[in-house]
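What follows is a single structure, written as structure tokens, with notes after it.
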Amino acid sequence: MSNWVKTILFLIGSAVLTHWIPSAFFRNLDTMVHEFGHAVVTLALSGKVMYIELYSDQSGVTLSSMTKSWAIIPVSLAGYMTASLFAWFLFSAYGRGKQRLGLQVMVVLSALSLVLFVRNGYGVTFLIGFIILTVVVLAFTPKWLSDFYYLLLAFLCLEESVFGPASLILYAVQNSRQAGDATNLAVHTGIPAIAWAVGFTLFALWCAKQAVSAFLGRSKGAKRSSRPTATPSYRD
């Protein structure tokens, strides 16, 4: 079975499984990373971030101003691409047995977002709650529970990082002016919003393929290490 087929089946399976778990709260992690990507690139290009808002329906918005008109292009690209790369990072960390590092990175990004950018009530409440819960998991829970928590967040980020940009394709088809970042890019480049939506989705699928490969590689390694090692015997 090809890696691409495995990736598609993996995404479908994770979407089904995670929807059985009350996970709406945790899905905001992907939104936070998306908006954080917009904010960081804005600052890197000498722009100003007024605020980020996170909403209970897992949507978000970053309000910023740029001194350079062309800078809106990399800023608009940053959101979905950062979310896709972050999902890949989480599974890469898992593949190397670095789940604690992954959780620590989540806490740091959440704390930076809280202190520097997020200002609306729900966003602040989510970030404080998520930070406290993740710190408790890091400090007090047994490894099996922290691993479950980590994988839940990783799978949710992976799922959202792919299905988020994929939904842009539908929005672009229905109304190209309501396709979020794809619309911004279309306005400033002249390239249709649906082309940007497809590009975001293809990049997300490529990152998902790398993430699934890291996950399956870790699983195969664990199975190999669990097998007893043959010890040669000698008979006089």
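Just so we're on the same page: first chain in the structure tokens is A, next is B, and so on; residues restart at 1 for each chain, and ligands are numbered from 1 in the order they show up.
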Thr62 in chain A surroundings by only C-alpha atoms, 8 Å radius, close-in-sequence under 2 positions cut, as a list in words: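 Those residues are Glu35, His38, Ala39, Val49, Met50, Tyr51, Ile52, Glu53, Gly60 and Ser64 of chain A.
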Range 23-79 of chain A: residues DSSP assigns to strand (DSSP E), reported as a PyMOL selection string: chain A and resi 48-54+60-65
Export of prior selection with C-alpha atoms as a PDB file, in the first residue's frame:
ATOM      1  CA  LYS A  48       2.109  45.423  13.781  1.00  0.00           C
ATOM      2  CA  VAL A  49      -0.242  42.891  15.355  1.00  0.00           C
ATOM      3  CA  MET A  50      -3.185  44.561  17.051  1.00  0.00           C
ATOM      4  CA  TYR A  51      -4.769  41.389  18.422  1.00  0.00           C
ATOM      5  CA  ILE A  52      -5.762  37.773  17.855  1.00  0.00           C
ATOM      6  CA  GLU A  53      -9.236  36.483  18.652  1.00  0.00           C
ATOM      7  CA  LEU A  54     -10.110  32.807  19.108  1.00  0.00           C
ATOM      8  CA  GLY A  60     -10.043  32.811  14.678  1.00  0.00           C
ATOM      9  CA  VAL A  61      -8.847  36.122  13.315  1.00  0.00           C
ATOM     10  CA  THR A  62      -5.621  38.111  13.413  1.00  0.00           C
ATOM     11  CA  LEU A  63      -5.903  41.877  12.982  1.00  0.00           C
ATOM     12  CA  SER A  64      -2.638  43.431  11.830  1.00  0.00           C
ATOM     13  CA  SER A  65      -1.255  46.283   9.783  1.00  0.00           C
TER      14      SER A  65
END
Option closest in space to Met106 in chain A, from A:Ile72, A:Val41, A:Leu90, A:Ala186 [counting only C-alpha atoms]: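 Distance minimum relative to Met106 in chain A lands on A:Leu90.
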Separation of CA of Trp88 in chain A from CA of Ala166 in chain A in Å: 17.1 Å
Distance criterion (only C-alpha atoms): nearest to Leu29 in chain A out of A:Ala87, A:Ala172, A:Val136, A:Ala211: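 Of the candidates, the smallest distance to Leu29 in chain A is held by A:Ala87.
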d(CA of Gly121 in chain A, CA of Leu153 in chain A) in Å: 22.6 Å
Atom pair CA of Ser56 in chain A / CA of Leu133 in chain A: separation (Å):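 Interatomic distance, CA of Ser56 in chain A to CA of Leu133 in chain A: 17.8 Å.
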Residue with smallest distance to Val33 in chain A - pool A:Asn120, A:Ser59, A:Ser14, A:Ser46, counting only C-alpha atoms: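 Result for the nearest residue to Val33 in chain A: A:Ser59.
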Selection: 10 Å around Gly180 in chain A, only C-alpha atoms, excl. self and same-chain fewer than 5 positions, as a list in words: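 Contacts, in chain order: Val61, Ser76, Pro165, Leu168, Tyr171, Ala172, Leu185, Ala193 and Ala197 of chain A.
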A:Tyr149, A:Phe91, A:Phe36, A:Phe163 ranked by distance to Ala111 in chain A, top pick (using only C-alpha atoms): A:Phe36
Contacts of Leu127 in chain A within 9 Å, only C-alpha atoms, excl. fewer than 2 positions in-chain, as a ChimeraX atom specification: /A:29,32,110-111,113-114,118,122-125,129-132
What would the file look like if the residues just selected were written as an mmCIF file, in the first residue's frame with all heavy atoms?
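Generated file (selection.cif):
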data_model
loop_
_atom_site.group_PDB
_atom_site.id
_atom_site.type_symbol
_atom_site.label_atom_id
_atom_site.label_comp_id
_atom_site.auth_asym_id
_atom_site.auth_seq_id
_atom_site.Cartn_x
_atom_site.Cartn_y
_atom_site.Cartn_z
ATOM 1 N N LEU A 29 -6.474 24.383 19.538
ATOM 2 C CA LEU A 29 -5.009 24.418 19.483
ATOM 3 C C LEU A 29 -4.543 24.675 18.058
ATOM 4 O O LEU A 29 -3.642 25.496 17.819
ATOM 5 C CB LEU A 29 -4.431 23.098 20.000
ATOM 6 C CG LEU A 29 -2.905 22.949 19.882
ATOM 7 C CD1 LEU A 29 -2.184 24.009 20.692
ATOM 8 C CD2 LEU A 29 -2.483 21.538 20.327
ATOM 9 N N MET A 32 -5.143 28.291 17.217
ATOM 10 C CA MET A 32 -4.146 29.155 17.863
ATOM 11 C C MET A 32 -2.833 29.143 17.098
ATOM 12 O O MET A 32 -2.225 30.191 16.856
ATOM 13 C CB MET A 32 -3.925 28.692 19.308
ATOM 14 C CG MET A 32 -2.972 29.566 20.114
ATOM 15 S SD MET A 32 -1.240 29.025 19.981
ATOM 16 C CE MET A 32 -1.273 27.487 20.878
ATOM 17 N N SER A 110 1.288 28.722 23.550
ATOM 18 C CA SER A 110 0.046 29.203 24.164
ATOM 19 C C SER A 110 0.320 30.389 25.079
ATOM 20 O O SER A 110 -0.439 31.370 25.091
ATOM 21 C CB SER A 110 -0.625 28.072 24.956
ATOM 22 O OG SER A 110 -0.955 26.989 24.112
ATOM 23 N N ALA A 111 1.400 30.304 25.857
ATOM 24 C CA ALA A 111 1.737 31.397 26.775
ATOM 25 C C ALA A 111 2.106 32.667 26.005
ATOM 26 O O ALA A 111 1.687 33.774 26.370
ATOM 27 C CB ALA A 111 2.882 30.972 27.691
ATOM 28 N N SER A 113 1.089 33.461 22.983
ATOM 29 C CA SER A 113 -0.148 33.977 22.392
ATOM 30 C C SER A 113 -0.975 34.726 23.428
ATOM 31 O O SER A 113 -1.532 35.796 23.147
ATOM 32 C CB SER A 113 -0.978 32.819 21.805
ATOM 33 O OG SER A 113 -0.304 32.213 20.726
ATOM 34 N N LEU A 114 -1.041 34.168 24.633
ATOM 35 C CA LEU A 114 -1.816 34.792 25.705
ATOM 36 C C LEU A 114 -1.239 36.143 26.095
ATOM 37 O O LEU A 114 -1.967 37.133 26.247
ATOM 38 C CB LEU A 114 -1.853 33.859 26.915
ATOM 39 C CG LEU A 114 -2.579 34.362 28.164
ATOM 40 C CD1 LEU A 114 -4.060 34.590 27.879
ATOM 41 C CD2 LEU A 114 -2.395 33.370 29.314
ATOM 42 N N VAL A 118 -3.571 37.491 22.164
ATOM 43 C CA VAL A 118 -4.998 37.170 22.312
ATOM 44 C C VAL A 118 -5.643 38.086 23.344
ATOM 45 O O VAL A 118 -5.126 38.242 24.456
ATOM 46 C CB VAL A 118 -5.193 35.688 22.704
ATOM 47 C CG1 VAL A 118 -6.673 35.384 22.925
ATOM 48 C CG2 VAL A 118 -4.620 34.777 21.610
ATOM 49 N N TYR A 122 -13.161 34.568 25.197
ATOM 50 C CA TYR A 122 -13.075 33.120 24.990
ATOM 51 C C TYR A 122 -11.629 32.707 24.729
ATOM 52 O O TYR A 122 -11.170 31.689 25.260
ATOM 53 C CB TYR A 122 -13.946 32.663 23.821
ATOM 54 C CG TYR A 122 -13.811 31.178 23.582
ATOM 55 C CD1 TYR A 122 -14.540 30.267 24.330
ATOM 56 C CD2 TYR A 122 -12.901 30.683 22.637
ATOM 57 C CE1 TYR A 122 -14.376 28.899 24.151
ATOM 58 C CE2 TYR A 122 -12.733 29.319 22.452
ATOM 59 C CZ TYR A 122 -13.479 28.433 23.206
ATOM 60 O OH TYR A 122 -13.305 27.082 23.028
ATOM 61 N N GLY A 123 -10.912 33.479 23.923
ATOM 62 C CA GLY A 123 -9.530 33.129 23.618
ATOM 63 C C GLY A 123 -8.660 33.084 24.856
ATOM 64 O O GLY A 123 -7.863 32.164 25.036
ATOM 65 N N VAL A 124 -8.805 34.079 25.723
ATOM 66 C CA VAL A 124 -8.026 34.119 26.962
ATOM 67 C C VAL A 124 -8.382 32.928 27.844
ATOM 68 O O VAL A 124 -7.505 32.259 28.411
ATOM 69 C CB VAL A 124 -8.260 35.446 27.704
ATOM 70 C CG1 VAL A 124 -7.662 35.402 29.109
ATOM 71 C CG2 VAL A 124 -7.670 36.613 26.909
ATOM 72 N N THR A 125 -9.676 32.644 27.971
ATOM 73 C CA THR A 125 -10.121 31.524 28.801
ATOM 74 C C THR A 125 -9.586 30.202 28.278
ATOM 75 O O THR A 125 -9.108 29.354 29.047
ATOM 76 C CB THR A 125 -11.654 31.477 28.850
ATOM 77 O OG1 THR A 125 -12.155 32.704 29.377
ATOM 78 C CG2 THR A 125 -12.144 30.319 29.718
ATOM 79 N N GLY A 129 -6.913 27.841 30.350
ATOM 80 C CA GLY A 129 -7.330 26.470 30.651
ATOM 81 C C GLY A 129 -6.408 25.445 30.020
ATOM 82 O O GLY A 129 -6.021 24.450 30.654
ATOM 83 N N PHE A 130 -6.028 25.669 28.763
ATOM 84 C CA PHE A 130 -5.168 24.721 28.066
ATOM 85 C C PHE A 130 -3.782 24.673 28.696
ATOM 86 O O PHE A 130 -3.207 23.588 28.866
ATOM 87 C CB PHE A 130 -5.059 25.102 26.584
ATOM 88 C CG PHE A 130 -4.183 24.178 25.792
ATOM 89 C CD1 PHE A 130 -4.645 22.929 25.406
ATOM 90 C CD2 PHE A 130 -2.888 24.546 25.450
ATOM 91 C CE1 PHE A 130 -3.825 22.058 24.693
ATOM 92 C CE2 PHE A 130 -2.072 23.693 24.735
ATOM 93 C CZ PHE A 130 -2.539 22.439 24.357
ATOM 94 N N ILE A 131 -3.242 25.822 29.045
ATOM 95 C CA ILE A 131 -1.914 25.864 29.674
ATOM 96 C C ILE A 131 -1.925 25.111 31.007
ATOM 97 O O ILE A 131 -1.051 24.284 31.287
ATOM 98 C CB ILE A 131 -1.451 27.311 29.875
ATOM 99 C CG1 ILE A 131 -1.144 27.965 28.521
ATOM 100 C CG2 ILE A 131 -0.214 27.365 30.776
ATOM 101 C CD1 ILE A 131 -0.934 29.458 28.593
ATOM 102 N N ILE A 132 -2.927 25.390 31.840
ATOM 103 C CA ILE A 132 -3.006 24.730 33.147
ATOM 104 C C ILE A 132 -3.139 23.225 32.979
ATOM 105 O O ILE A 132 -2.439 22.439 33.641
ATOM 106 C CB ILE A 132 -4.190 25.296 33.959
ATOM 107 C CG1 ILE A 132 -3.922 26.750 34.354
ATOM 108 C CG2 ILE A 132 -4.441 24.438 35.202
ATOM 109 C CD1 ILE A 132 -5.104 27.432 35.012
#
Chain A: residues DSSP assigns to helix (DSSP H, G or I), reported as a ChimeraX atom specification: /A:3-18,24-44,69-95,99-116,121-140,143-174,176-178,181-189,193-226
Closest of A:Ala195, A:Ala93, A:Leu138, A:Leu116 to Gly217 in chain A - atom-to-atom distances counting only C-alpha atoms: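 Once distances to Gly217 in chain A are computed over only C-alpha atoms, the minimum belongs to A:Ala93.
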